[in-house]
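Data file: entry-v3.cif. Format and content: mmCIF, C-alpha atoms.
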data_final
loop_
_atom_site.label_atom_id
_atom_site.label_comp_id
_atom_site.auth_asym_id
_atom_site.auth_seq_id
_atom_site.Cartn_x
_atom_site.Cartn_y
_atom_site.Cartn_z
CA MET Y 1 69.79 21.78 58.86
CA ASP Y 2 71.74 25.03 58.63
CA PHE Y 3 69.50 28.07 58.44
CA PRO Y 4 70.72 31.04 56.36
CA LEU Y 5 69.92 33.79 58.86
CA ASP Y 6 71.34 36.42 56.51
CA LEU Y 7 68.74 35.37 53.94
CA PHE Y 8 66.00 35.67 56.55
CA HIS Y 9 66.96 39.23 57.48
CA GLY Y 10 64.14 41.58 56.58
CA THR Y 11 61.76 38.76 55.58
CA LYS Y 12 58.31 39.12 57.10
CA THR Y 13 57.46 36.27 59.45
CA PRO Y 14 55.96 33.75 59.50
CA PHE Y 15 57.26 32.15 56.32
CA TYR Y 16 58.23 28.73 55.01
CA TYR Y 17 61.88 28.04 54.29
CA TYR Y 18 62.64 25.31 51.74
CA ASP Y 19 66.09 23.74 51.45
CA LEU Y 20 66.07 22.87 47.76
CA ALA Y 21 69.46 21.14 48.00
CA LEU Y 22 67.98 18.65 50.47
CA LEU Y 23 64.96 18.19 48.20
CA ARG Y 24 67.26 17.36 45.28
CA GLN Y 25 69.18 14.86 47.41
CA THR Y 26 65.89 13.27 48.47
CA LEU Y 27 64.69 12.95 44.89
CA GLU Y 28 68.03 11.50 43.81
CA CYS Y 29 67.86 8.88 46.58
CA LEU Y 30 64.28 8.05 45.62
CA ASN Y 31 65.13 7.51 41.96
CA ASN Y 32 68.27 5.52 42.77
CA ALA Y 33 66.25 3.21 45.05
CA LEU Y 34 63.72 2.19 42.38
CA PRO Y 35 64.29 -1.52 41.65
CA SER Y 36 63.01 -1.41 38.07
CA SER Y 37 61.88 0.89 35.28
CA LEU Y 38 58.43 -0.63 35.82
CA TYR Y 39 58.24 1.19 39.18
CA LYS Y 40 56.64 4.62 38.60
CA VAL Y 41 56.33 7.37 41.22
CA HIS Y 42 53.64 10.05 41.18
CA TYR Y 43 54.19 12.95 43.56
CA ALA Y 44 51.12 13.55 45.76
CA MET Y 45 50.66 17.26 45.16
CA LYS Y 46 48.36 17.65 48.15
CA ALA Y 47 51.53 17.63 50.30
CA ASN Y 48 52.95 20.83 48.81
CA ALA Y 49 52.29 22.78 45.60
CA ASN Y 50 54.87 25.54 45.99
CA PRO Y 51 56.08 26.33 42.43
CA ALA Y 52 59.77 25.96 43.36
CA ILE Y 53 59.05 22.53 44.85
CA LEU Y 54 57.11 21.43 41.76
CA GLU Y 55 59.93 22.55 39.48
CA GLU Y 56 62.42 20.28 41.28
CA ILE Y 57 60.01 17.33 41.26
CA LYS Y 58 59.31 17.74 37.56
CA ALA Y 59 63.05 17.86 36.84
CA ALA Y 60 63.42 14.54 38.70
CA GLY Y 61 60.95 12.90 36.31
CA LEU Y 62 58.11 12.13 38.71
CA GLY Y 63 54.47 12.16 37.71
CA ILE Y 64 51.62 13.71 39.71
CA ASP Y 65 48.90 12.35 41.98
CA ALA Y 66 46.15 14.99 41.96
CA VAL Y 67 43.01 15.14 44.08
CA SER Y 68 41.30 18.18 42.57
CA GLY Y 69 40.85 20.07 39.35
CA GLY Y 70 42.98 22.83 40.83
CA GLU Y 71 45.87 20.41 41.29
CA ILE Y 72 45.48 19.12 37.73
CA ASN Y 73 45.65 22.69 36.42
CA ALA Y 74 48.69 23.46 38.59
CA ALA Y 75 50.46 20.33 37.35
CA VAL Y 76 49.81 21.14 33.70
CA GLU Y 77 50.86 24.77 34.19
CA ALA Y 78 54.07 23.56 35.87
CA GLY Y 79 54.87 21.51 32.78
CA PHE Y 80 54.09 17.97 33.94
CA ASP Y 81 53.10 15.49 31.24
CA PRO Y 82 49.29 15.06 31.58
CA SER Y 83 49.61 11.35 30.78
CA LYS Y 84 51.63 10.98 34.01
CA ILE Y 85 48.84 12.46 36.13
CA VAL Y 86 46.54 10.21 38.15
CA PHE Y 87 43.35 11.75 39.55
CA ALA Y 88 42.15 10.45 42.91
CA GLY Y 89 39.54 11.57 45.44
CA VAL Y 90 36.09 10.48 46.55
CA GLY Y 91 34.23 13.59 45.43
CA LYS Y 92 35.27 14.46 41.89
CA SER Y 93 32.85 17.00 40.47
CA ASP Y 94 31.50 16.82 36.92
CA GLU Y 95 33.55 19.90 36.06
CA GLU Y 96 36.75 18.30 37.39
CA ILE Y 97 36.12 15.04 35.51
CA GLU Y 98 35.55 16.96 32.28
CA LEU Y 99 38.75 18.94 32.83
CA ALA Y 100 40.74 15.76 33.44
CA LEU Y 101 39.43 14.15 30.28
CA LYS Y 102 40.09 17.23 28.16
CA VAL Y 103 43.72 17.59 29.28
CA GLY Y 104 44.30 13.85 28.80
CA ILE Y 105 45.30 12.59 32.24
CA GLY Y 106 46.68 9.08 32.56
CA THR Y 107 44.20 7.48 34.95
CA PHE Y 108 41.23 8.11 37.20
CA ASN Y 109 41.46 6.34 40.55
CA VAL Y 110 37.79 5.49 40.94
CA GLU Y 111 36.38 5.16 44.44
CA SER Y 112 32.74 4.09 43.93
CA LEU Y 113 30.31 2.56 41.45
CA GLU Y 114 28.43 5.85 41.35
CA GLU Y 115 31.56 7.76 40.36
CA LEU Y 116 32.37 5.19 37.68
CA GLU Y 117 28.98 5.70 36.05
CA VAL Y 118 29.36 9.50 36.05
CA ILE Y 119 32.84 9.29 34.48
CA SER Y 120 31.47 7.00 31.77
CA ASP Y 121 28.59 9.38 31.01
CA ILE Y 122 30.87 12.40 30.73
CA ALA Y 123 33.43 10.54 28.62
CA SER Y 124 30.62 9.40 26.28
CA ARG Y 125 29.41 12.96 25.91
CA LEU Y 126 32.93 14.14 25.09
CA GLY Y 127 33.51 11.25 22.68
CA CYS Y 128 36.54 9.86 24.50
CA THR Y 129 37.54 6.92 26.69
CA ALA Y 130 38.46 7.30 30.36
CA ARG Y 131 41.20 5.05 31.71
CA VAL Y 132 40.33 3.98 35.24
CA ALA Y 133 41.85 2.11 38.15
CA LEU Y 134 39.54 0.89 40.89
CA ARG Y 135 40.55 1.89 44.40
CA VAL Y 136 40.15 -1.12 46.67
CA ASN Y 137 40.08 -1.14 50.47
CA PRO Y 138 42.24 -4.13 51.47
CA ASN Y 139 41.14 -3.89 55.15
CA ILE Y 140 44.63 -3.35 56.55
CA ASP Y 141 45.21 -1.43 59.77
CA ALA Y 142 48.27 0.76 59.20
CA HIS Y 143 48.45 1.63 62.94
CA THR Y 144 48.58 5.35 62.35
CA HIS Y 145 46.38 8.29 63.38
CA HIS Y 146 42.71 7.53 62.71
CA TYR Y 147 42.38 10.67 60.56
CA ILE Y 148 45.03 9.36 58.13
CA THR Y 149 44.13 5.65 58.12
CA THR Y 150 42.37 4.97 54.82
CA GLY Y 151 42.58 1.24 54.05
CA LEU Y 152 40.07 -0.25 56.47
CA ALA Y 153 36.97 -2.03 55.17
CA GLU Y 154 34.43 0.65 56.10
CA ASN Y 155 35.80 4.00 55.06
CA LYS Y 156 34.73 6.90 52.88
CA PHE Y 157 37.64 6.03 50.58
CA GLY Y 158 37.62 3.21 48.06
CA ILE Y 159 35.57 0.11 47.30
CA ASN Y 160 35.10 -2.72 49.78
CA LEU Y 161 36.51 -6.06 48.66
CA GLU Y 162 33.05 -7.63 48.90
CA LEU Y 163 31.73 -5.19 46.28
CA LEU Y 164 34.68 -5.34 43.90
CA ASP Y 165 33.37 -8.07 41.57
CA SER Y 166 30.15 -6.20 40.85
CA VAL Y 167 32.02 -2.94 40.21
CA ILE Y 168 34.41 -4.70 37.82
CA ASP Y 169 31.47 -6.22 35.96
CA LYS Y 170 29.88 -2.79 35.63
CA CYS Y 171 33.17 -1.27 34.50
CA ILE Y 172 33.55 -3.86 31.75
CA SER Y 173 29.99 -3.20 30.54
CA LEU Y 174 30.33 0.57 30.29
CA PRO Y 175 31.12 1.91 26.81
CA SER Y 176 33.47 4.79 27.57
CA VAL Y 177 35.76 3.50 30.30
CA GLN Y 178 38.81 1.26 30.09
CA LEU Y 179 39.77 -0.68 33.20
CA THR Y 180 43.58 -0.49 33.41
CA GLY Y 181 44.44 -1.17 37.02
CA LEU Y 182 43.79 -1.52 40.72
CA HIS Y 183 44.63 1.17 43.26
CA PHE Y 184 45.29 0.89 46.99
CA HIS Y 185 46.26 3.30 49.76
CA ILE Y 186 46.29 2.15 53.39
CA GLY Y 187 47.24 5.33 55.23
CA SER Y 188 49.91 7.91 55.88
CA GLN Y 189 52.99 8.37 58.09
CA ILE Y 190 53.72 4.62 58.16
CA THR Y 191 57.19 3.99 59.59
CA ASP Y 192 57.10 0.18 59.72
CA ASN Y 193 57.13 -1.64 56.37
CA THR Y 194 55.08 -4.56 57.74
CA PRO Y 195 51.70 -3.15 56.58
CA PHE Y 196 53.12 -2.73 53.08
CA GLY Y 197 54.15 -6.40 53.08
CA ILE Y 198 50.62 -7.39 54.12
CA LEU Y 199 49.27 -5.21 51.33
CA CYS Y 200 51.42 -7.12 48.83
CA GLU Y 201 49.97 -10.42 50.05
CA ARG Y 202 46.41 -9.11 49.62
CA ILE Y 203 47.21 -7.85 46.13
CA ASN Y 204 48.79 -11.17 45.13
CA ALA Y 205 45.73 -13.13 46.24
CA LEU Y 206 43.36 -10.69 44.56
CA GLN Y 207 45.22 -10.74 41.25
CA THR Y 208 45.25 -14.55 41.22
CA GLU Y 209 41.52 -14.64 41.91
CA LEU Y 210 40.70 -12.12 39.19
CA GLU Y 211 42.93 -13.82 36.64
CA GLN Y 212 40.75 -16.90 36.99
CA ARG Y 213 38.01 -14.71 35.52
CA GLY Y 214 40.33 -13.59 32.72
CA ILE Y 215 40.83 -10.12 34.23
CA CYS Y 216 44.35 -8.70 34.07
CA PHE Y 217 45.71 -5.23 34.74
CA LYS Y 218 48.38 -3.03 33.20
CA THR Y 219 49.08 -1.26 36.49
CA ILE Y 220 48.93 -1.88 40.22
CA ASN Y 221 48.99 1.34 42.23
CA VAL Y 222 49.95 0.88 45.91
CA GLY Y 223 49.50 4.53 46.91
CA GLY Y 224 51.92 6.13 49.32
CA GLY Y 225 52.11 6.34 53.09
CA LEU Y 226 55.87 6.15 53.73
CA GLY Y 227 56.56 8.17 56.87
CA ILE Y 228 59.40 10.42 57.98
CA ASP Y 229 61.32 10.98 61.23
CA TYR Y 230 59.69 13.98 62.90
CA ASP Y 231 61.76 13.46 66.05
CA ASN Y 232 65.21 13.55 64.43
CA PRO Y 233 65.01 15.51 61.16
CA ASP Y 234 68.77 16.14 61.02
CA LYS Y 235 69.71 12.54 61.83
CA ASN Y 236 67.26 11.13 59.26
CA PRO Y 237 66.63 13.85 56.67
CA ILE Y 238 65.89 11.34 53.88
CA PRO Y 239 63.51 8.38 54.31
CA ASP Y 240 64.74 4.83 53.74
CA PHE Y 241 63.41 4.55 50.20
CA LYS Y 242 65.51 1.47 49.50
CA SER Y 243 63.88 -0.63 52.24
CA TYR Y 244 60.45 0.68 51.27
CA PHE Y 245 60.74 -0.22 47.58
CA ASN Y 246 62.51 -3.50 48.37
CA THR Y 247 59.55 -4.57 50.49
CA PHE Y 248 57.42 -4.46 47.35
CA ALA Y 249 60.13 -5.96 45.15
CA GLU Y 250 60.41 -8.94 47.49
CA LYS Y 251 56.74 -9.53 48.24
CA ILE Y 252 54.56 -8.44 45.35
CA GLU Y 253 54.04 -10.80 42.40
CA LEU Y 254 53.92 -8.59 39.35
CA ARG Y 255 52.88 -10.04 36.02
CA PRO Y 256 55.23 -9.67 33.01
CA GLY Y 257 55.30 -6.03 31.93
CA GLN Y 258 52.99 -4.95 34.73
CA GLU Y 259 53.79 -1.51 36.18
CA LEU Y 260 53.83 -0.77 39.90
CA HIS Y 261 52.81 2.80 40.72
CA PHE Y 262 53.43 4.77 43.93
CA GLU Y 263 51.99 8.06 45.20
CA LEU Y 264 54.54 9.57 47.59
CA GLY Y 265 54.11 13.05 49.04
CA ARG Y 266 55.24 13.55 52.62
CA ALA Y 267 58.32 11.36 52.17
CA VAL Y 268 59.50 13.58 49.30
CA VAL Y 269 59.04 17.09 50.70
CA ALA Y 270 58.47 17.10 54.46
CA GLN Y 271 62.04 17.36 55.68
CA CYS Y 272 63.12 20.10 53.28
CA GLY Y 273 60.65 22.60 54.77
CA SER Y 274 60.55 24.54 58.04
CA LEU Y 275 58.13 27.17 59.27
CA ILE Y 276 60.08 30.21 60.50
CA THR Y 277 58.30 32.27 63.13
CA ARG Y 278 59.25 35.19 65.39
CA VAL Y 279 58.70 35.36 69.14
CA LEU Y 280 56.29 38.17 70.00
CA TYR Y 281 56.22 37.76 73.77
CA VAL Y 282 57.59 35.55 76.52
CA LYS Y 283 54.74 35.29 79.02
CA LYS Y 284 55.60 34.03 82.49
CA GLY Y 285 52.88 32.23 84.44
CA ILE Y 286 52.89 30.69 87.91
CA VAL Y 287 54.13 27.30 86.71
CA LYS Y 288 54.61 27.66 82.97
CA GLN Y 289 56.13 30.16 80.62
CA PHE Y 290 54.82 30.70 77.13
CA ALA Y 291 56.67 31.61 73.96
CA ILE Y 292 53.98 33.42 71.99
CA VAL Y 293 54.94 33.45 68.30
CA ASP Y 294 53.53 35.14 65.21
CA ALA Y 295 52.78 31.84 63.43
CA GLY Y 296 49.61 30.00 64.30
CA MET Y 297 47.43 27.07 63.38
CA THR Y 298 46.48 29.05 60.28
CA ASP Y 299 50.06 28.59 59.06
CA LEU Y 300 50.66 25.01 60.25
CA ILE Y 301 47.53 23.15 61.31
CA ARG Y 302 48.97 19.67 61.90
CA PRO Y 303 49.60 20.05 65.66
CA ALA Y 304 46.03 21.29 66.25
CA LEU Y 305 44.38 18.86 63.82
CA TYR Y 306 46.37 15.67 64.42
CA GLN Y 307 48.13 16.42 67.72
CA ALA Y 308 51.22 16.07 65.54
CA TYR Y 309 54.73 16.64 66.85
CA HIS Y 310 57.17 18.94 65.06
CA LYS Y 311 60.61 19.58 66.49
CA ILE Y 312 61.10 23.25 67.36
CA GLU Y 313 64.48 25.01 67.41
CA ASN Y 314 65.49 28.46 68.57
CA ILE Y 315 67.81 29.49 65.74
CA SER Y 316 68.59 32.87 67.33
CA SER Y 317 69.97 31.71 70.68
CA ASP Y 318 72.44 29.31 72.25
CA GLY Y 319 71.46 30.23 75.81
CA VAL Y 320 70.71 27.94 78.73
CA PRO Y 321 67.76 25.64 77.89
CA GLU Y 322 64.38 26.35 79.50
CA LYS Y 323 60.85 24.96 79.07
CA TYR Y 324 58.22 26.79 77.09
CA ASP Y 325 54.76 26.18 75.74
CA VAL Y 326 55.11 27.43 72.16
CA VAL Y 327 51.76 28.92 71.18
CA GLY Y 328 50.32 31.05 68.40
CA PRO Y 329 48.11 34.15 68.29
CA ILE Y 330 44.90 32.54 67.01
CA CYS Y 331 41.79 32.86 69.15
CA GLU Y 332 41.57 29.10 69.74
CA SER Y 333 42.86 27.11 72.73
CA SER Y 334 44.13 24.45 70.31
CA ASP Y 335 46.59 26.91 68.77
CA VAL Y 336 49.56 25.23 70.43
CA PHE Y 337 52.65 24.02 68.57
CA GLN Y 338 54.24 22.22 71.52
CA GLU Y 339 53.92 22.04 75.29
CA ASP Y 340 57.03 21.93 77.49
CA ALA Y 341 59.41 22.45 74.59
CA VAL Y 342 63.00 22.63 75.82
CA LEU Y 343 64.68 25.50 73.99
CA PRO Y 344 67.70 27.74 74.48
CA LYS Y 345 66.51 30.77 76.45
CA VAL Y 346 63.86 32.53 74.38
CA SER Y 347 63.59 36.30 74.08
CA ARG Y 348 61.28 38.64 72.21
CA GLY Y 349 62.37 38.80 68.56
CA ASP Y 350 64.03 35.38 68.43
CA LEU Y 351 63.39 33.25 65.36
CA LEU Y 352 62.09 29.72 65.91
CA ALA Y 353 62.16 27.01 63.25
CA ILE Y 354 59.33 24.48 63.30
CA ARG Y 355 60.88 21.55 61.49
CA SER Y 356 59.64 18.86 59.08
CA ALA Y 357 56.93 21.18 57.80
CA GLY Y 358 57.45 20.81 54.05
CA ALA Y 359 54.41 18.53 53.79
CA TYR Y 360 50.89 19.60 54.77
CA GLY Y 361 52.14 22.95 56.01
CA GLU Y 362 51.98 25.81 53.54
CA ILE Y 363 49.43 23.96 51.41
CA MET Y 364 46.93 23.75 54.31
CA ALA Y 365 47.34 27.36 55.44
CA SER Y 366 44.17 29.39 55.86
CA ARG Y 367 43.07 32.98 56.43
CA TYR Y 368 41.12 32.31 59.61
CA ASN Y 369 41.05 35.48 61.78
CA LEU Y 370 41.68 37.24 58.41
CA ARG Y 371 45.39 36.57 58.71
CA GLN Y 372 47.72 36.81 55.74
CA LEU Y 373 48.96 33.57 54.19
CA PRO Y 374 52.61 32.78 54.94
CA GLY Y 375 55.22 33.51 52.29
CA SER Y 376 58.15 31.31 51.34
CA VAL Y 377 61.91 31.51 50.94
CA CYS Y 378 63.74 28.87 48.87
CA ARG Y 379 67.44 28.16 48.61
#
Before anything else, please render the file you have as structure tokens.
Amino acid sequence: MDFPLDLFHGTKTPFYYYDLALLRQTLECLNNALPSSLYKVHYAMKANANPAILEEIKAAGLGIDAVSGGEINAAVEAGFDPSKIVFAGVGKSDEEIELALKVGIGTFNVESLEELEVISDIASRLGCTARVALRVNPNIDAHTHHYITTGLAENKFGINLELLDSVIDKCISLPSVQLTGLHFHIGSQITDNTPFGILCERINALQTELEQRGICFKTINVGGGLGIDYDNPDKNPIPDFKSYFNTFAEKIELRPGQELHFELGRAVVAQCGSLITRVLYVKKGIVKQFAIVDAGMTDLIRPALYQAYHKIENISSDGVPEKYDVVGPICESSDVFQEDAVLPKVSRGDLLAIRSAGAYGEIMASRYNLRQLPGSVCR
């Protein structure tokens, strides 16, 4: 990625830089890779809700996967069609459910029997019908970080397979809900398509079993989870959408007219974003030297929360490479972006780019230590 240093001049650090041209290329590749008009993609807004990002995603024709009332409001305000919004999450409040029903979202992804009953009660009170898809845990290990694995049998997310029949029976009996689909999501940052193939096999078997009871679905929602290349963002700036979608096209057995829905977030926006931070001090120890920067875990929490790797570049220097621990100013020992990062010689005032930060970066920023939230620059 080429960084427009002239554009950065005078901009207060830290800030997020978004390469909108790369985002457009990514969205074009995504749409071109869809095997059929029956494949529908909802952007997972939890990855990034920057208004400039949302504008590009809306222009590309994607829907929205929302996990809060705030995200629903942001999607509607950004001009997304409410009927293309799906509402997921294990803890939907009564207020959020009422909001979703009033704006006319497409589907609730329901994660428990208890939630289903509350949605039915609120829909009855409002005199409307709630379209629901039941989120099922297919008990698939996606072999990713345990904080972002969601498809195992015992998990706060979704409904265990053993309980599905009883939840379907309850759904059919309720007066103000319409069962339209099944929903699955097995985890995030999955870079091997094998788990997605296994998911297809589980879905095929489950659909066949339920059809024997006369139960059919308009939609099957397979969630998201497609990963990106954090190690080589310039070599692989756009995920292999074609192989991802083809895995489903080859392995899933859709019924005539049945839609297949996806909820992609990271794969869409991660590579177009970088966190730009300025070096405050170069501190020399006995063995190590530290590049102390003005960004911290308040601006990008993934390294502290997930031990996640983000490539770091010194975009101000082409000096001889040296090793640095790149650390932030927060009063926490976990405020470390990378240990032993090999960077061109770092000096006070240099700008560093922390790459692949377009997903779960700006959106997760906090004001811990009463710090200001990072700004953004888009081009």
Atom pair atom CA of Arg266 of chain Y / atom CA of His185 of chain Y: separation (Å):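 Here the two named atoms are 13.9 Å from each other.
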Residues selected by the PyMOL selection byres ((chain Y and resi 346-363) around 6), written as a VMD selection string: chain Y and resid 47 to 48 266 269 to 281 300 310 to 316 345 364 to 365
For the interface of segment 74-137 of chain Y with segment 203-206 of chain Y (cut-off 12 Å, counting all atoms listed in the file), please tabulate each contacting residue of segment 74-137 of chain Y alongside its nearest pair of atoms and their separation in Å to one decimal, rows sorted by chain and increasing number, as JSON lines.
{"residue": "Y:Arg135", "atom": "CA", "partner": "Y:Ile203", "partner_atom": "CA", "distance": 11.9}
{"residue": "Y:Val136", "atom": "CA", "partner": "Y:Ile203", "partner_atom": "CA", "distance": 9.8}
{"residue": "Y:Asn137", "atom": "CA", "partner": "Y:Ile203", "partner_atom": "CA", "distance": 10.7}
Hits of the PyMOL selection byres ((chain Y and resi 267) around 10) in this structure, as a ChimeraX atom specification: /Y:26-27,30,43-44,47,188-189,224-229,237-241,263-266,268-271,358-359
Residue selection dump (C-alpha atoms) as a PDB file, in the coordinates of the input:
ATOM      1  CA  THR Y  26      65.890  13.270  48.470  1.00  0.00           C
ATOM      2  CA  LEU Y  27      64.690  12.950  44.890  1.00  0.00           C
ATOM      3  CA  LEU Y  30      64.280   8.050  45.620  1.00  0.00           C
ATOM      4  CA  TYR Y  43      54.190  12.950  43.560  1.00  0.00           C
ATOM      5  CA  ALA Y  44      51.120  13.550  45.760  1.00  0.00           C
ATOM      6  CA  ALA Y  47      51.530  17.630  50.300  1.00  0.00           C
ATOM      7  CA  SER Y 188      49.910   7.910  55.880  1.00  0.00           C
ATOM      8  CA  GLN Y 189      52.990   8.370  58.090  1.00  0.00           C
ATOM      9  CA  GLY Y 224      51.920   6.130  49.320  1.00  0.00           C
ATOM     10  CA  GLY Y 225      52.110   6.340  53.090  1.00  0.00           C
ATOM     11  CA  LEU Y 226      55.870   6.150  53.730  1.00  0.00           C
ATOM     12  CA  GLY Y 227      56.560   8.170  56.870  1.00  0.00           C
ATOM     13  CA  ILE Y 228      59.400  10.420  57.980  1.00  0.00           C
ATOM     14  CA  ASP Y 229      61.320  10.980  61.230  1.00  0.00           C
ATOM     15  CA  PRO Y 237      66.630  13.850  56.670  1.00  0.00           C
ATOM     16  CA  ILE Y 238      65.890  11.340  53.880  1.00  0.00           C
ATOM     17  CA  PRO Y 239      63.510   8.380  54.310  1.00  0.00           C
ATOM     18  CA  ASP Y 240      64.740   4.830  53.740  1.00  0.00           C
ATOM     19  CA  PHE Y 241      63.410   4.550  50.200  1.00  0.00           C
ATOM     20  CA  GLU Y 263      51.990   8.060  45.200  1.00  0.00           C
ATOM     21  CA  LEU Y 264      54.540   9.570  47.590  1.00  0.00           C
ATOM     22  CA  GLY Y 265      54.110  13.050  49.040  1.00  0.00           C
ATOM     23  CA  ARG Y 266      55.240  13.550  52.620  1.00  0.00           C
ATOM     24  CA  VAL Y 268      59.500  13.580  49.300  1.00  0.00           C
ATOM     25  CA  VAL Y 269      59.040  17.090  50.700  1.00  0.00           C
ATOM     26  CA  ALA Y 270      58.470  17.100  54.460  1.00  0.00           C
ATOM     27  CA  GLN Y 271      62.040  17.360  55.680  1.00  0.00           C
ATOM     28  CA  GLY Y 358      57.450  20.810  54.050  1.00  0.00           C
ATOM     29  CA  ALA Y 359      54.410  18.530  53.790  1.00  0.00           C
TER      30      ALA Y 359
END
Check what the PyMOL selection byres ((chain Y and resi 98) around 12) selects in the file above and give those residues as a CSV table (one decimal) with C-alpha atoms, keeping the file's coordinate frame.
chain,number,residue,atom,x,y,z
Y,68,SER,CA,41.3,18.2,42.6
Y,69,GLY,CA,40.8,20.1,39.4
Y,72,ILE,CA,45.5,19.1,37.7
Y,87,PHE,CA,43.4,11.8,39.6
Y,92,LYS,CA,35.3,14.5,41.9
Y,93,SER,CA,32.8,17.0,40.5
Y,94,ASP,CA,31.5,16.8,36.9
Y,95,GLU,CA,33.6,19.9,36.1
Y,96,GLU,CA,36.8,18.3,37.4
Y,97,ILE,CA,36.1,15.0,35.5
Y,99,LEU,CA,38.8,18.9,32.8
Y,100,ALA,CA,40.7,15.8,33.4
Y,101,LEU,CA,39.4,14.2,30.3
Y,102,LYS,CA,40.1,17.2,28.2
Y,103,VAL,CA,43.7,17.6,29.3
Y,104,GLY,CA,44.3,13.8,28.8
Y,105,ILE,CA,45.3,12.6,32.2
Y,108,PHE,CA,41.2,8.1,37.2
Y,118,VAL,CA,29.4,9.5,36.0
Y,119,ILE,CA,32.8,9.3,34.5
Y,120,SER,CA,31.5,7.0,31.8
Y,121,ASP,CA,28.6,9.4,31.0
Y,122,ILE,CA,30.9,12.4,30.7
Y,123,ALA,CA,33.4,10.5,28.6
Y,124,SER,CA,30.6,9.4,26.3
Y,125,ARG,CA,29.4,13.0,25.9
Y,126,LEU,CA,32.9,14.1,25.1
Y,127,GLY,CA,33.5,11.2,22.7
Y,128,CYS,CA,36.5,9.9,24.5
Y,129,THR,CA,37.5,6.9,26.7
Y,130,ALA,CA,38.5,7.3,30.4
Leaving out His42 of chain Y and any residue of its chain fewer than 5 positions from it, which residues lie within 6 Å of it when counting all atoms listed in the file, given as a PDB file with C-alpha atoms, in the coordinates of the input?
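Result file is part.pdb:
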ATOM      1  CA  LEU Y  62      58.110  12.130  38.710  1.00  0.00           C
ATOM      2  CA  GLY Y  63      54.470  12.160  37.710  1.00  0.00           C
ATOM      3  CA  ILE Y  64      51.620  13.710  39.710  1.00  0.00           C
ATOM      4  CA  ASP Y  65      48.900  12.350  41.980  1.00  0.00           C
ATOM      5  CA  PHE Y 262      53.430   4.770  43.930  1.00  0.00           C
ATOM      6  CA  GLU Y 263      51.990   8.060  45.200  1.00  0.00           C
TER       7      GLU Y 263
END
Coordinates-based distance that separates atom CA of Lys46 of chain Y from atom CA of Lys84 of chain Y (Å, one decimal):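 Atom CA of Lys46 of chain Y lies 16.0 Å from atom CA of Lys84 of chain Y.
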Distance query Ile198 of chain Y at most 10 Å, all atoms listed in the file, self and fewer than 2 positions along chain excluded, as an MDAnalysis selection string: chainID Y and resid 138 140:142 193:196 200:204 251:252
Residue contacts of Asn246 of chain Y (9 Å, all atoms listed in the file) excluding same-chain residues fewer than 3 positions away, as a list of chain:residue names: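 Near Asn246 of chain Y, the qualifying residues are Y:Ala33, Y:Leu34, Y:Pro35, Y:Phe241, Y:Lys242, Y:Ser243, Y:Ala249, Y:Glu250, Y:Lys251.
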Counting all atoms listed in the file, the residue of Y:Gly61, Y:Gln212, Y:Ile186, Y:Gly106 that sits nearest Pro82 of chain Y: Y:Gly106
Residues within 10 Å of Ser36 of chain Y, all atoms listed in the file, excluding chain neighbours under 6 positions, as a PyMOL selection string: chain Y and resi 245+249+259-260
Expected file: the selected residues, C-alpha atoms, as a PDB file, keeping the file's coordinate frame:
ATOM      1  CA  PHE Y 245      60.740  -0.220  47.580  1.00  0.00           C
ATOM      2  CA  ALA Y 249      60.130  -5.960  45.150  1.00  0.00           C
ATOM      3  CA  GLU Y 259      53.790  -1.510  36.180  1.00  0.00           C
ATOM      4  CA  LEU Y 260      53.830  -0.770  39.900  1.00  0.00           C
TER       5      LEU Y 260
END
Computed interatomic separation between atom CA of Val327 of chain Y and atom CA of Glu339 of chain Y (Å): 8.3 Å
